[in-house]
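Below: one structure, written as structure tokens.
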Amino acid sequence: MDKRIVFIKDTDSQEQERTREFYTAFLDQLRENNLQDEVQVLRVADIGIYGQGVVAKVLPAGITYGRLSNADIKKIIESTIKEGKVIEELLLNRQPRQLRIVLRNCGVIDPESIDEYIAHEGYAAISKVISGYSPEKVIEELKVSGLRGRGGAGYPTWMKWNFTRQSKSEEKYIICNADEGDPGAYMDRSVLEGDPHSVIEGMIIAGFAIGASNGFFYIRAEYPLAVERINRAIRQAYDYGLLGSNILGSDFSFDLDVRLGAGAFVCGEETALIASIEGSRGTPRPRPPYPSREGLWGKPTAINNVETLANIAAIILKGGRWFSGIGTEKSKGTKVFALTGKVKNSGLVEVPMGTTLRDIVFDIGGGTASGKGIKAVQTGGPSGGVIPKDYLDTPVDYENLQKLGSIMGSGGMIVMDDDDCMVDITKFYLGFCVDESCGKCAPCRLGGYQLLGILSRISEGHGVADDLEKMRKISEAMRKASLCGLGQTASNPVSSTLNYFESEYKEHILNKKCPAHKCKHLITYSIMQGRCKRCRVCVMNCPVGAIGGDRETGFYIELDKCIKCGKCFEVCKFSAILKE
Amino acid sequence: MARFCGPDDLERKKKELKAGPGNWIRVGMGSCGLAAGAEEVYNTLVDESRKRNMQIEIKKCGCQGMCYAEPLVEVSVEGLPVVVYGKVNKEIAVKILDKHVAAKMLVNDSIFDLNT
């Protein structure tokens, strides 16, 4: 890499204007210095830095300058480009935020080729294990690493494996839980699609450690590409003798098979998942006995999440000590989050545990797409809660999120801005859980339904003063008395929003107003005559003909006909429609 | 494919694979990429590079994480930094071949990430 290139991007706005202006000025000055053939100036779409004015990155030196004005171009050309010197006062010092362990191969290797995985240290971990590890040593290595389950609860993986190992049985099983169902979360899908072999390798090592000779992938059928790639990867591993009998010439044998989930959210719960693999109805059963004693077909079973398993090979290769050096005191390693919602750069991020929410949302996510203020961040899906903007500096780990009334969950992270109504959001999550409740136990079946009813009433403007107290009581009952994790946590969004946004609920109940203008029944539209240019665009676009009047006398919205679809608000070019 | 009979076989295979070609293009073909039109971009790159008789390997890969900028195309050409183009369509794909691969000039306005 010898060619000199300068990358340019205005990091304050999404408009290209300032970037272009700076670009032209830079090109002109290069020409004056007769350097135009030696240096390429380039406008880029994203430079990974936000809110630092015009940023220039000079290659191959890799120097990044921020907050630049046109006056700085001369300096950059004179010192950095001609003499290779660094201009200290313009320098932008940035540490990389992301660290990729789970996603190490995602987007790097061809997921359909086992050879590419092998070329990237693939199956080196199982080879290392077979050449000289006892099962106890594998578990010990995991204990040192401090890896905790990435499915949500954060149970130490080594303990789960150790319990399963200690259970006496002829047959044992290992299951990969790939029934990812939280709205807005798709970490597992990306790993299965992008690096299927790393999960398979994790399962083989797990099988070796707990003494299982059979494993199952439980993948939801809505992930056809993931299923296809896992199936292909399993076939390739069999062909190479990395699955099947006598793996790599040892006396350890391990078989893997795939089972598809039919799309029930509750089947992500381990006992319901086991029932589903057995061919029964996917409903949970009380624990204990835990699956590590009596799991699949009554045999000891270890169930791990996709992300947990994708960590295993890296831990074996680099050592538990290396892994435990990353993260916080109680939460080790990295976590993959699916950053979605009102954020500019939605996608997957993998950060060391202990990174603050602010770093994730602003430095990696680039802030909100709308440029409006952030109201809260929702983590943990329907079992999680909201974290208001005042707590954005919290380092993310299992304990901290729990303290704030949310959970790590599988890693969904939904950013909400000022336009999001907390009552509406809570109603959405609760509606999801009511739909997905299996109906087996009363607290979840009835409690969820009642909560949803109250929330709907509030959002329709029929809330009464003691609703909040009632909701708190039902939430508490569901948390204490439900059979499985789904019911126990289904009321979390309610308690967490009640905790942080009680005033917003009160505004809905007492003043019959929705501050975010989201709840349809609580808003009205009207035309501000002073701004209206009488262009009739709203009249033409109203689907129910609710806008009356004429060009002479002006237009008005007939409230009894209006269905509050917001179409007039969207189409008005003069911002003459008032929404309140 | 031959079965590996021991760790040595795996090691040998890895050594064999290490000597890969220098110039390559990778297209993100996870669900997010495919939904944004990666298939069309991949086919365009394959067809157009064949028409131009270019010596470049075009590969598929999974999701890089920048789902907002899919379809993503990562390009590595000797003498140039490895860059990731985002929101690539047919036109940009052709530009990548003509400008980046053939003329060794990076393409303006489409780079989302730098992998150095």
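To be explicit about the labels: the chains of the structure tokens are called A, B, and onward in the order shown, and within each one the residues are counted from 1, while ligands get numbers from 1 in the order they are shown.
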Could I get the residues of chain B with an atom no further than 7 Å from an atom of chain A, each paired with its nearest atom pair and that distance in Å to one decimal, using only C-alpha atoms, sorted by chain and residue number, as JSON lines?
```
{"residue": "B:Met1", "atom": "CA", "partner": "A:Asp239", "partner_atom": "CA", "distance": 6.4}
{"residue": "B:Ala2", "atom": "CA", "partner": "A:Tyr240", "partner_atom": "CA", "distance": 6.1}
{"residue": "B:Arg3", "atom": "CA", "partner": "A:Tyr240", "partner_atom": "CA", "distance": 4.2}
{"residue": "B:Phe4", "atom": "CA", "partner": "A:Gly241", "partner_atom": "CA", "distance": 5.5}
{"residue": "B:Cys5", "atom": "CA", "partner": "A:Gly249", "partner_atom": "CA", "distance": 4.6}
{"residue": "B:Gly6", "atom": "CA", "partner": "A:Leu248", "partner_atom": "CA", "distance": 4.1}
{"residue": "B:Pro7", "atom": "CA", "partner": "A:Ser127", "partner_atom": "CA", "distance": 5.4}
{"residue": "B:Lys14", "atom": "CA", "partner": "A:Ala119", "partner_atom": "CA", "distance": 5.2}
{"residue": "B:Leu17", "atom": "CA", "partner": "A:Ala119", "partner_atom": "CA", "distance": 5.9}
{"residue": "B:Lys18", "atom": "CA", "partner": "A:Ala119", "partner_atom": "CA", "distance": 6.1}
{"residue": "B:Gly28", "atom": "CA", "partner": "A:Gly107", "partner_atom": "CA", "distance": 6.3}
{"residue": "B:Gly30", "atom": "CA", "partner": "A:Glu193", "partner_atom": "CA", "distance": 6.0}
{"residue": "B:Lys59", "atom": "CA", "partner": "A:Asp110", "partner_atom": "CA", "distance": 6.8}
{"residue": "B:Lys60", "atom": "CA", "partner": "A:Asp110", "partner_atom": "CA", "distance": 5.4}
{"residue": "B:Cys61", "atom": "CA", "partner": "A:Asp110", "partner_atom": "CA", "distance": 4.4}
{"residue": "B:Gly62", "atom": "CA", "partner": "A:Gly194", "partner_atom": "CA", "distance": 3.7}
{"residue": "B:Cys63", "atom": "CA", "partner": "A:Gly107", "partner_atom": "CA", "distance": 4.8}
{"residue": "B:Gln64", "atom": "CA", "partner": "A:Gly107", "partner_atom": "CA", "distance": 4.3}
{"residue": "B:Gly65", "atom": "CA", "partner": "A:Leu348", "partner_atom": "CA", "distance": 4.2}
{"residue": "B:Met66", "atom": "CA", "partner": "A:Gly347", "partner_atom": "CA", "distance": 5.0}
{"residue": "B:Cys67", "atom": "CA", "partner": "A:Gly347", "partner_atom": "CA", "distance": 4.5}
{"residue": "B:Tyr68", "atom": "CA", "partner": "A:Ser346", "partner_atom": "CA", "distance": 5.3}
{"residue": "B:Glu78", "atom": "CA", "partner": "A:Met1", "partner_atom": "CA", "distance": 6.9}
{"residue": "B:Gly79", "atom": "CA", "partner": "A:Met1", "partner_atom": "CA", "distance": 4.1}
{"residue": "B:Leu80", "atom": "CA", "partner": "A:Met1", "partner_atom": "CA", "distance": 5.2}
{"residue": "B:Pro81", "atom": "CA", "partner": "A:Met1", "partner_atom": "CA", "distance": 6.2}
{"residue": "B:Asn108", "atom": "CA", "partner": "A:Arg43", "partner_atom": "CA", "distance": 5.1}
{"residue": "B:Asp109", "atom": "CA", "partner": "A:Val44", "partner_atom": "CA", "distance": 4.6}
{"residue": "B:Ser110", "atom": "CA", "partner": "A:Ala45", "partner_atom": "CA", "distance": 5.2}
{"residue": "B:Ile111", "atom": "CA", "partner": "A:Val44", "partner_atom": "CA", "distance": 4.9}
{"residue": "B:Phe112", "atom": "CA", "partner": "A:Asp46", "partner_atom": "CA", "distance": 4.5}
{"residue": "B:Asp113", "atom": "CA", "partner": "A:Ile47", "partner_atom": "CA", "distance": 6.3}
```
Notebook entry, point to check: Which residues, written as a VMD selection string, have at least one atom at most 8 Å from Gly487 in chain A, with only C-alpha atoms counted and residues fewer than 3 positions away on the same chain left out?
Noted result: chain A and resid 437 443 to 444 478 to 479 482 to 484 490 to 491
Margin query: Among range 13-114 of chain B, which residues does DSSP mark as strand (DSSP E or B) when it is run on the backbone? Keep the chain and numbering as in the structure and answer as a list in words.
Written below: Trp24, Ile25, Arg26, Val27, Gly28, Glu57, Ile58, Lys59, Lys60, Cys61, Val73, Glu74, Val75, Ser76, Val83, Val84, Tyr85, Ile111, Phe112, Asp113 and Leu114 of chain B
Atoms to include: C-alpha atoms. Write the selected residues as a PDB file, in the first residue's frame.
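Output file part-v1.pdb is given in full below:
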```
ATOM      1  CA  TRP B  24     -10.379 -10.068  -4.254  1.00  0.00           C
ATOM      2  CA  ILE B  25     -13.866  -8.621  -3.901  1.00  0.00           C
ATOM      3  CA  ARG B  26     -16.229  -9.789  -1.157  1.00  0.00           C
ATOM      4  CA  VAL B  27     -19.976  -9.263  -1.251  1.00  0.00           C
ATOM      5  CA  GLY B  28     -21.971  -9.434   1.997  1.00  0.00           C
ATOM      6  CA  GLU B  57     -11.645 -13.334  -7.257  1.00  0.00           C
ATOM      7  CA  ILE B  58     -15.233 -12.493  -6.312  1.00  0.00           C
ATOM      8  CA  LYS B  59     -16.388 -14.100  -3.085  1.00  0.00           C
ATOM      9  CA  LYS B  60     -19.446 -14.225  -0.877  1.00  0.00           C
ATOM     10  CA  CYS B  61     -19.402 -13.557   2.849  1.00  0.00           C
ATOM     11  CA  VAL B  73     -18.752  -4.785  -1.116  1.00  0.00           C
ATOM     12  CA  GLU B  74     -15.238  -5.063   0.248  1.00  0.00           C
ATOM     13  CA  VAL B  75     -12.386  -4.640  -2.198  1.00  0.00           C
ATOM     14  CA  SER B  76      -8.737  -5.533  -1.849  1.00  0.00           C
ATOM     15  CA  VAL B  83     -12.089  -0.527   1.679  1.00  0.00           C
ATOM     16  CA  VAL B  84     -15.760  -1.346   2.139  1.00  0.00           C
ATOM     17  CA  TYR B  85     -18.245   0.189  -0.271  1.00  0.00           C
ATOM     18  CA  ILE B 111     -16.926   4.146   0.942  1.00  0.00           C
ATOM     19  CA  PHE B 112     -18.300   3.321   4.385  1.00  0.00           C
ATOM     20  CA  ASP B 113     -15.359   1.693   6.083  1.00  0.00           C
ATOM     21  CA  LEU B 114     -11.659   1.200   5.863  1.00  0.00           C
TER      22      LEU B 114
END
```
Next item on the list: Would you work out the distance separating CA of Lys506 in chain A from CA of Cys519 in chain A, expressed in Å to one decimal?
Entry: 13.8 Å
Checklist line | For Met54 in chain B: contacts at 10 Å, only C-alpha atoms, fewer than 5 positions along chain excluded, given as a ChimeraX atom specification | finding: /B:46,48-49,97-98,101-102
Residues as selected, C-alpha atoms, written as a PDB file, in the first residue's frame, can you do that?
```pdb
ATOM      1  CA  VAL B  46     -19.218 -11.613 -11.801  1.00  0.00           C
ATOM      2  CA  GLU B  48     -18.934  -7.563 -15.817  1.00  0.00           C
ATOM      3  CA  SER B  49     -15.539  -8.753 -14.588  1.00  0.00           C
ATOM      4  CA  LEU B  97     -14.509  -2.655 -11.436  1.00  0.00           C
ATOM      5  CA  ASP B  98     -13.555   0.097 -13.868  1.00  0.00           C
ATOM      6  CA  VAL B 101      -9.813  -2.563  -9.866  1.00  0.00           C
ATOM      7  CA  ALA B 102      -8.704  -1.486 -13.331  1.00  0.00           C
TER       8      ALA B 102
END
```
Note to self: Please list as a ChimeraX atom specification every residue within 10 Å of Arg94 in chain A, counting only C-alpha atoms and excluding residues in the same chain fewer than 3 positions away.
What the structure shows: /A:49,64,91,97
Check: DSSP says alpha helix (DSSP H) for which residues of chain B? Put them as a ChimeraX atom specification?
Finding: /B:7-18,31-36,38-51,90-95
Check: From the list B:Leu106, B:Lys95, B:Asn89, B:Pro71, which residue is nearest Leu34 in chain B when using only C-alpha atoms?
Finding: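 Checking each candidate against Leu34 in chain B, we get B:Pro71 as the closest.
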Next item on the list: Using only C-alpha atoms, determine which residues lie at most 12 Å from Arg536 in chain A, disregarding the query and same-chain residues fewer than 3 positions distant; provide the list as a count of residues only.
Entry: 23
